[in-house]
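Note: the block below is my_file18.tsv and it holds TSV, C-alpha atoms and all ligand atoms.
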```
chain	number	residue	atom	x	y	z
A	1	MET	CA	0.00	0.00	0.00
A	2	SER	CA	1.28	3.44	-0.90
A	3	ARG	CA	2.17	5.83	1.91
A	4	THR	CA	2.89	9.53	2.25
A	5	ILE	CA	6.51	10.56	2.72
A	6	THR	CA	7.42	13.80	4.44
A	7	PHE	CA	10.54	15.55	3.15
A	8	LYS	CA	12.16	18.23	5.29
A	9	VAL	CA	14.48	20.00	2.88
A	10	PHE	CA	17.13	22.56	3.81
A	11	LYS	CA	16.78	25.76	1.83
A	12	TYR	CA	19.19	28.68	1.77
A	13	ASN	CA	20.72	30.95	-0.83
A	14	PRO	CA	23.95	32.41	0.58
A	15	LEU	CA	24.05	34.95	-2.26
A	16	SER	CA	20.69	36.52	-1.36
A	17	LYS	CA	20.40	38.97	1.51
A	18	TYR	CA	16.70	38.05	1.77
A	19	SER	CA	17.38	34.34	2.31
A	20	THR	CA	17.63	32.73	5.75
A	21	PRO	CA	18.50	29.05	6.40
A	22	GLN	CA	15.30	27.07	6.94
A	23	PHE	CA	13.68	23.68	6.46
A	24	VAL	CA	10.72	23.46	4.09
A	25	GLU	CA	8.35	20.51	4.31
A	26	TYR	CA	6.95	18.72	1.25
A	27	LYS	CA	4.71	15.63	1.14
A	28	LEU	CA	4.67	13.07	-1.67
A	29	GLU	CA	2.91	9.77	-2.29
A	30	GLU	CA	5.60	7.09	-2.41
A	31	THR	CA	5.88	5.13	-5.66
A	32	ASP	CA	7.52	1.75	-6.31
A	33	GLY	CA	11.31	2.04	-6.44
A	34	MET	CA	11.25	5.73	-5.56
A	35	THR	CA	14.74	7.16	-5.07
A	36	LEU	CA	15.59	10.57	-3.68
A	37	PHE	CA	16.43	11.59	-7.24
A	38	ILE	CA	12.86	10.83	-8.31
A	39	ALA	CA	11.40	12.44	-5.20
A	40	LEU	CA	13.39	15.67	-5.52
A	41	ASN	CA	12.43	16.02	-9.18
A	42	MET	CA	8.77	15.54	-8.25
A	43	ILE	CA	9.09	18.17	-5.53
A	44	ARG	CA	10.65	20.55	-8.03
A	45	GLU	CA	7.92	19.88	-10.60
A	46	LYS	CA	4.96	20.05	-8.21
A	47	PHE	CA	5.90	22.49	-5.45
A	48	ASP	CA	9.17	24.35	-5.82
A	49	ALA	CA	10.74	25.10	-9.21
A	50	GLY	CA	13.56	27.01	-7.50
A	51	LEU	CA	14.86	24.09	-5.39
A	52	ASN	CA	18.56	23.45	-6.09
A	53	PHE	CA	20.19	20.01	-6.03
A	54	ASP	CA	22.73	18.24	-8.24
A	55	PHE	CA	22.36	15.09	-10.31
A	56	VAL	CA	23.99	13.98	-13.55
A	57	CYS	CA	24.14	10.21	-14.00
A	58	ARG	CA	21.42	8.87	-11.63
A	59	ALA	CA	23.54	5.71	-11.38
A	60	GLY	CA	26.12	6.25	-8.64
A	61	ILE	CA	28.84	7.10	-11.15
A	62	CYS	CA	29.25	10.88	-11.47
A	63	GLY	CA	29.49	11.63	-7.74
A	64	SER	CA	27.44	14.83	-7.92
A	65	CYS	CA	24.40	13.94	-5.80
A	66	GLY	CA	25.97	13.60	-2.33
A	67	MET	CA	23.81	15.05	0.47
A	68	MET	CA	23.02	14.46	4.13
A	69	VAL	CA	20.07	12.08	4.33
A	70	ASN	CA	18.72	11.90	7.87
A	71	GLY	CA	22.19	12.92	9.05
A	72	LYS	CA	24.12	10.37	6.99
A	73	PRO	CA	26.14	11.43	3.92
A	74	SER	CA	24.73	9.45	0.99
A	75	LEU	CA	24.33	9.43	-2.77
A	76	ALA	CA	20.75	10.58	-3.29
A	77	CYS	CA	20.35	8.74	-6.60
A	78	ARG	CA	21.16	5.44	-4.89
A	79	THR	CA	18.94	5.99	-1.84
A	80	LEU	CA	15.47	4.46	-1.85
A	81	THR	CA	12.69	6.16	0.11
A	82	LYS	CA	11.55	2.73	1.30
A	83	SER	CA	14.70	2.50	3.47
A	84	PHE	CA	13.06	4.97	5.87
A	85	PRO	CA	10.29	3.10	7.70
A	86	ASP	CA	8.88	6.16	9.50
A	87	GLY	CA	8.45	8.01	6.19
A	88	ILE	CA	10.27	11.15	7.33
A	89	ILE	CA	13.35	12.16	5.34
A	90	THR	CA	15.47	15.19	6.21
A	91	LEU	CA	17.81	16.45	3.48
A	92	MET	CA	20.73	18.79	4.04
A	93	PRO	CA	23.77	19.78	1.96
A	94	LEU	CA	27.10	18.03	2.54
A	95	PRO	CA	29.20	19.85	5.18
A	96	GLY	CA	32.86	20.60	4.47
A	97	PHE	CA	32.21	22.18	1.06
A	98	LYS	CA	31.10	25.62	-0.10
A	99	LEU	CA	27.31	25.84	-0.14
A	100	LEU	CA	26.00	27.04	-3.49
A	101	LYS	CA	22.26	26.89	-2.76
A	102	ASP	CA	19.85	24.56	-0.90
A	103	LEU	CA	21.28	21.02	-1.36
A	104	SER	CA	23.92	22.00	-3.91
A	105	VAL	CA	27.57	22.29	-2.82
A	106	ASP	CA	30.81	22.92	-4.73
A	107	THR	CA	32.83	19.72	-4.39
A	108	GLY	CA	34.68	20.40	-7.67
A	109	THR	CA	36.88	23.24	-6.42
A	110	TRP	CA	37.86	21.23	-3.31
A	111	MET	CA	38.65	18.11	-5.37
A	112	ASN	CA	40.66	20.14	-7.86
A	113	GLU	CA	42.75	21.68	-5.05
A	114	MET	CA	43.26	18.24	-3.49
A	115	SER	CA	44.39	16.80	-6.85
A	116	LYS	CA	46.94	19.57	-7.30
A	117	ARG	CA	48.12	19.22	-3.71
A	118	VAL	CA	48.85	15.48	-4.01
A	119	GLU	CA	50.16	15.96	-7.58
A	120	SER	CA	47.61	13.54	-8.90
A	121	TRP	CA	49.38	12.45	-12.05
A	122	ILE	CA	52.00	9.84	-12.99
A	123	HIS	CA	55.53	11.11	-12.35
A	124	SER	CA	57.51	9.16	-14.94
A	125	ASP	CA	61.30	9.08	-15.31
A	126	HIS	CA	61.16	9.15	-19.11
A	127	VAL	CA	59.22	10.82	-21.90
A	128	THR	CA	56.43	8.57	-23.15
A	129	ASP	CA	56.79	7.46	-26.75
A	130	ILE	CA	53.21	6.84	-27.91
A	131	SER	CA	54.41	4.92	-30.98
A	132	LYS	CA	55.75	2.18	-28.70
A	133	MET	CA	54.03	-0.44	-26.52
A	134	GLU	CA	52.82	0.83	-23.17
A	135	ASP	CA	55.11	0.22	-20.19
A	136	ARG	CA	54.33	-3.11	-18.60
A	137	VAL	CA	52.52	-3.24	-15.25
A	138	GLU	CA	52.10	-6.49	-13.33
A	139	PRO	CA	48.43	-7.60	-13.43
A	140	GLU	CA	48.07	-7.65	-9.65
A	141	VAL	CA	49.43	-4.08	-9.43
A	142	ALA	CA	47.09	-2.92	-12.22
A	143	GLN	CA	44.18	-4.60	-10.44
A	144	GLU	CA	44.87	-2.73	-7.20
A	145	VAL	CA	45.31	0.59	-9.03
A	146	PHE	CA	41.98	0.06	-10.84
A	147	GLU	CA	40.34	-0.75	-7.51
A	148	LEU	CA	41.51	2.54	-5.93
A	149	ASP	CA	40.74	4.48	-9.13
A	150	ARG	CA	37.03	3.69	-8.67
A	151	CYS	CA	36.70	6.83	-6.51
A	152	ILE	CA	33.98	9.08	-7.98
A	153	GLU	CA	35.01	12.20	-6.01
A	154	CYS	CA	31.57	12.46	-4.42
A	155	GLY	CA	32.97	14.08	-1.27
A	156	ILE	CA	31.06	11.79	1.08
A	157	CYS	CA	34.23	10.66	2.91
A	158	VAL	CA	35.14	14.33	3.43
A	159	ALA	CA	31.68	15.25	4.71
A	160	ALA	CA	31.72	12.27	7.10
A	161	CYS	CA	35.19	13.01	8.47
A	162	GLY	CA	35.59	14.21	12.08
A	163	THR	CA	39.23	15.12	11.44
A	164	LYS	CA	38.21	17.43	8.58
A	165	LEU	CA	35.89	19.28	10.97
A	166	MET	CA	38.81	19.90	13.34
A	167	ARG	CA	41.45	20.51	10.66
A	168	PRO	CA	39.96	22.38	7.70
A	169	ASP	CA	43.12	21.76	5.61
A	170	PHE	CA	43.03	17.98	6.12
A	171	VAL	CA	43.61	16.27	2.76
A	172	GLY	CA	40.90	13.69	3.51
A	173	ALA	CA	40.66	9.98	2.90
A	174	VAL	CA	40.08	10.71	-0.78
A	175	GLY	CA	43.48	12.48	-0.98
A	176	ILE	CA	45.36	9.78	0.92
A	177	ASN	CA	43.67	7.10	-1.19
A	178	ARG	CA	44.87	8.99	-4.27
A	179	ILE	CA	48.46	9.02	-2.99
A	180	ALA	CA	48.24	5.27	-2.21
A	181	ARG	CA	47.06	4.70	-5.77
A	182	PHE	CA	50.24	6.31	-7.17
A	183	GLN	CA	52.51	4.76	-4.52
A	184	ILE	CA	51.35	1.30	-5.59
A	185	ASP	CA	51.57	2.08	-9.32
A	186	SER	CA	54.96	0.96	-10.70
A	187	LEU	CA	54.69	3.60	-13.45
A	188	ASP	CA	55.02	6.40	-10.89
A	189	LYS	CA	58.67	6.88	-9.95
A	190	ARG	CA	58.10	9.04	-6.87
A	191	THR	CA	59.77	7.82	-3.68
A	192	ASP	CA	58.18	7.59	-0.22
A	193	GLU	CA	60.25	10.68	0.66
A	194	ASP	CA	58.43	12.53	-2.13
A	195	TYR	CA	55.05	11.41	-0.73
A	196	TYR	CA	56.15	12.44	2.77
A	197	GLU	CA	56.67	15.99	1.46
A	198	LEU	CA	53.05	15.98	0.25
A	199	ILE	CA	51.14	14.34	3.12
A	200	GLY	CA	53.63	13.64	5.94
A	201	ASP	CA	52.01	15.91	8.55
A	202	ASP	CA	48.84	16.46	10.62
A	203	ASN	CA	46.96	17.80	7.61
A	204	GLY	CA	47.88	14.60	5.83
A	205	VAL	CA	48.29	11.00	6.81
A	206	PHE	CA	49.25	11.63	10.47
A	207	GLY	CA	46.18	13.78	11.18
A	208	CYS	CA	43.58	11.04	10.69
A	209	MET	CA	41.92	10.11	14.01
A	210	SER	CA	40.81	6.71	12.66
A	211	LEU	CA	37.11	7.30	13.31
A	212	LEU	CA	36.36	5.12	10.23
A	213	ALA	CA	33.43	7.23	8.97
A	214	CYS	CA	35.10	7.65	5.55
A	215	GLU	CA	35.11	3.91	4.91
A	216	ASP	CA	31.73	3.34	6.59
A	217	ASN	CA	30.05	5.79	4.21
A	218	CYS	CA	32.04	5.53	0.94
A	219	PRO	CA	29.46	4.49	-1.68
A	220	LYS	CA	32.12	2.70	-3.72
A	221	HIS	CA	33.29	0.68	-0.68
A	222	LEU	CA	36.91	1.69	-1.13
A	223	PRO	CA	39.35	0.32	1.49
A	224	LEU	CA	40.08	3.82	2.80
A	225	GLN	CA	41.20	2.96	6.32
A	226	SER	CA	43.58	0.24	5.22
A	227	LYS	CA	45.09	2.59	2.64
A	228	ILE	CA	45.52	5.32	5.28
A	229	ALA	CA	47.22	2.73	7.55
A	230	TYR	CA	49.35	1.56	4.60
A	231	MET	CA	50.59	5.08	3.82
A	232	ARG	CA	51.15	5.79	7.50
A	233	ARG	CA	53.37	2.71	7.83
A	234	LYS	CA	55.33	3.74	4.74
A	235	LEU	CA	55.81	7.37	5.78
A	236	VAL	CA	56.49	6.87	9.49
A	237	CYS	CA	59.78	5.18	8.51
A	238	ILE	CA	61.03	8.28	6.65
A	239	LYS	CA	63.97	9.81	8.49
B	301	LIG	S1	36.80	7.79	-1.54
B	301	LIG	FE1	34.63	7.07	-1.64
B	301	LIG	S2	33.48	8.59	-0.42
B	301	LIG	FE2	35.48	9.50	-0.86
B	301	LIG	S3	35.19	10.75	-2.68
B	301	LIG	FE3	35.89	8.71	-3.39
B	301	LIG	S4	34.04	7.51	-3.76
B	301	LIG	FE4	33.40	9.32	-2.57
B	302	LIG	S1	23.59	11.40	-9.90
B	302	LIG	FE1	25.58	10.63	-10.36
B	302	LIG	S2	26.19	9.65	-8.53
B	302	LIG	FE2	24.15	10.25	-8.14
```

Before we go any further, please render this structure as structure tokens.
Amino acid sequence: MSRTITFKVFKYNPLSKYSTPQFVEYKLEETDGMTLFIALNMIREKFDAGLNFDFVCRAGICGSCGMMVNGKPSLACRTLTKSFPDGIITLMPLPGFKLLKDLSVDTGTWMNEMSKRVESWIHSDHVTDISKMEDRVEPEVAQEVFELDRCIECGICVAACGTKLMRPDFVGAVGINRIARFQIDSLDKRTDEDYYELIGDDNGVFGCMSLLACEDNCPKHLPLQSKIAYMRRKLVCIK
């Protein structure tokens, strides 16, 4: 039997002097297989054409639809309304990022800065000749690199992170995972000393308080805590 779902949606436009942060309530009849993507589009169509939220792929791939769903950072396109038995769903923007409007935050600028900070590209010791065969990588190394490369930069691990709340410049599990990806990759010729220069402090790998919320909430189930521990073990030995 269909039921009515109550959505309490955070609304605020930081660029308008007339806007104040508030929750607005909307009610919808639940449909089979209803996701928050479907629900938010219905709300926009029926009640509030000005409601801002971000979606691109609707399939858990683009990473743009992260938001706080009843206090838990989640991908809205992968969240079914039926997972909330009391039928009350509170939606807020992800913390830790610049609020654009309502449920929309700017994760792109943060991710771009993080990528530059960890120098998120292969540091090779030779110029690539594209007319030749690619450099060989052992299959098990390639497999692990592909596994860590599944990050969709959704920002959920950052929003969930207690360390990031205390240390605004913390590079986050996503940044440390990125470094681990290059450290494992035999094509990258950086040494552990080089990685220490990038993340060998309290805003990097030694700042993590091991609260585990990054790994608990990562929608791609990346092994974030074990990669943080791995990099910590590597970098603690640097003299
Ligand atoms: S590590 Fe997981 S939670 Fe963090 S940005 Fe990547 S996919 Fe999202
Ligand atoms: S819309 Fe792309 S991950 Fe949700």

Practice task
Can you tell me which residues come within 7 Å of ligand LIG 302 (chain B) when counting only C-alpha atoms and all ligand atoms, ideally as a list of chain:residue names?
Solution key: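 With only C-alpha atoms and all ligand atoms and a cut-off of 7 Å, ligand LIG 302 (chain B) is contacted by A:Phe55, A:Val56, A:Cys57, A:Arg58, A:Ala59, A:Gly60, A:Ile61, A:Cys62, A:Gly63, A:Ser64, A:Cys65, A:Gly66, A:Leu75, A:Ala76, A:Cys77, A:Arg78.
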
Practice task
Taking only C-alpha atoms and all ligand atoms into account, report as a list in words which residues have an atom no farther than 7 Å from an atom of ligand LIG 301 (chain B).
Solution key: Gly63, Arg150, Cys151, Ile152, Glu153, Cys154, Gly155, Ile156, Cys157, Val158, Ala173, Val174, Asn177, Cys214, Asn217, Cys218, Pro219, Lys220, His221, Leu222 and Leu224 of chain A

Handout entry: Shell of 7 Å around region 107-121 of chain A, all atoms listed in the file, local chain residues under 2 positions omitted, as a list in words
Key = Phe97, Val105, His123, Glu153, Gly155, Val171, Gly175, Ile179 and Leu198 of chain A

Problem - All residues 9 Å or closer to Lys72 (chain A), all atoms listed in the file, same chain fewer than 4 positions away omitted, as a PyMOL selection string - result: chain A and resi 67-68+160+217

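Summary of the local environment: counting all atoms listed in the file, residues at most 10 Å from region 80-84 of chain A, other than itself and those fewer than 3 positions away along its chain, are Arg3, Ile5, Glu30, Thr31, Asp32, Gly33, Met34, Thr35, Leu36, Phe37, Ile38, Ala39, Asn70, Ala76, Cys77, Gly87, Ile88 and Ile89 of chain A.
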
Size and centre in Å, one decimal, axis-aligned box, all listed region 206-211 of chain A atoms plus 4 Å per side, as JSON:
```
{"center_x": 43.2, "center_y": 10.2, "center_z": 12.2, "size_x": 20.1, "size_y": 15.1, "size_z": 11.5}
```

Near Tyr195 (chain A), within 12 Å and counting only C-alpha atoms, which residues show up once chain neighbours fewer than 6 positions away are dropped, as an mmCIF file with C-alpha atoms, in the frame of the given file?
```cif
data_model
loop_
_atom_site.group_PDB
_atom_site.id
_atom_site.type_symbol
_atom_site.label_atom_id
_atom_site.label_comp_id
_atom_site.auth_asym_id
_atom_site.auth_seq_id
_atom_site.Cartn_x
_atom_site.Cartn_y
_atom_site.Cartn_z
ATOM 1 C CA ARG A 117 48.120 19.220 -3.710
ATOM 2 C CA VAL A 118 48.850 15.480 -4.010
ATOM 3 C CA GLU A 119 50.160 15.960 -7.580
ATOM 4 C CA SER A 120 47.610 13.540 -8.900
ATOM 5 C CA HIS A 123 55.530 11.110 -12.350
ATOM 6 C CA GLY A 175 43.480 12.480 -0.980
ATOM 7 C CA ILE A 176 45.360 9.780 0.920
ATOM 8 C CA ARG A 178 44.870 8.990 -4.270
ATOM 9 C CA ILE A 179 48.460 9.020 -2.990
ATOM 10 C CA ALA A 180 48.240 5.270 -2.210
ATOM 11 C CA ARG A 181 47.060 4.700 -5.770
ATOM 12 C CA PHE A 182 50.240 6.310 -7.170
ATOM 13 C CA GLN A 183 52.510 4.760 -4.520
ATOM 14 C CA ILE A 184 51.350 1.300 -5.590
ATOM 15 C CA ASP A 188 55.020 6.400 -10.890
ATOM 16 C CA LYS A 189 58.670 6.880 -9.950
ATOM 17 C CA ASP A 201 52.010 15.910 8.550
ATOM 18 C CA GLY A 204 47.880 14.600 5.830
ATOM 19 C CA VAL A 205 48.290 11.000 6.810
ATOM 20 C CA MET A 231 50.590 5.080 3.820
ATOM 21 C CA ARG A 232 51.150 5.790 7.500
ATOM 22 C CA LYS A 234 55.330 3.740 4.740
ATOM 23 C CA LEU A 235 55.810 7.370 5.780
ATOM 24 C CA VAL A 236 56.490 6.870 9.490
ATOM 25 C CA ILE A 238 61.030 8.280 6.650
#
```

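CA of Lys27 (chain A) is positioned 6.2 Å from CA of Phe7 (chain A).
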
Practice task
Could you give me, as number ranges by chain, the residues that sit within 9 Å of (18.1, 18.6, 6.0) in the file's coordinates, counting all atoms listed in the file?
Solution key: A: 7-11, 22-23, 67-71, 89-93, 103

With C-alpha atoms retained, could you export that selection as a CSV table (one decimal), keeping the file's coordinate frame?
```csv
chain,number,residue,atom,x,y,z
A,7,PHE,CA,10.5,15.6,3.2
A,8,LYS,CA,12.2,18.2,5.3
A,9,VAL,CA,14.5,20.0,2.9
A,10,PHE,CA,17.1,22.6,3.8
A,11,LYS,CA,16.8,25.8,1.8
A,22,GLN,CA,15.3,27.1,6.9
A,23,PHE,CA,13.7,23.7,6.5
A,67,MET,CA,23.8,15.0,0.5
A,68,MET,CA,23.0,14.5,4.1
A,69,VAL,CA,20.1,12.1,4.3
A,70,ASN,CA,18.7,11.9,7.9
A,71,GLY,CA,22.2,12.9,9.0
A,89,ILE,CA,13.4,12.2,5.3
A,90,THR,CA,15.5,15.2,6.2
A,91,LEU,CA,17.8,16.4,3.5
A,92,MET,CA,20.7,18.8,4.0
A,93,PRO,CA,23.8,19.8,2.0
A,103,LEU,CA,21.3,21.0,-1.4
```

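Each of A:Asp106, A:Thr4, A:Pro21, A:Asp194 was checked against Asp54 (chain A) using all atoms listed in the file; the smallest atom-to-atom distance is that of A:Asp106.
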
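Between CA of Thr6 (chain A) and CA of Met42 (chain A) the separation is 12.9 Å.
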
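The shortest atom-to-atom distance to Leu100 (chain A), with all atoms listed in the file taken into account, belongs to A:Ser16 out of A:Ser16, A:Thr191, A:Thr128, A:Gln225.
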
Handout entry: Atomic distance CA of Leu187 (chain A) - CA of Glu138 (chain A), expressed in Å with one decimal
Key =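 A separation of 10.4 Å between them.
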
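Of the listed residues (A:Glu147, A:Glu25, A:Glu193, A:Asp169), A:Asp169 comes nearest to Cys208 (chain A); the distances count all atoms listed in the file.
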
Completion exercise
Counting only C-alpha atoms, the residue among A:Glu45, A:Asp216, A:Glu134, A:Asp202 that lies closest to Leu28 (chain A) is A:Glu45

Practice task
Tell me which of A:Asp129, A:Lys227, A:Arg136, A:Tyr26 sits closest to Lys46 (chain A), counting all atoms listed in the file.
Solution key: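 Among the listed residues, the smallest separation from Lys46 (chain A) belongs to A:Tyr26.
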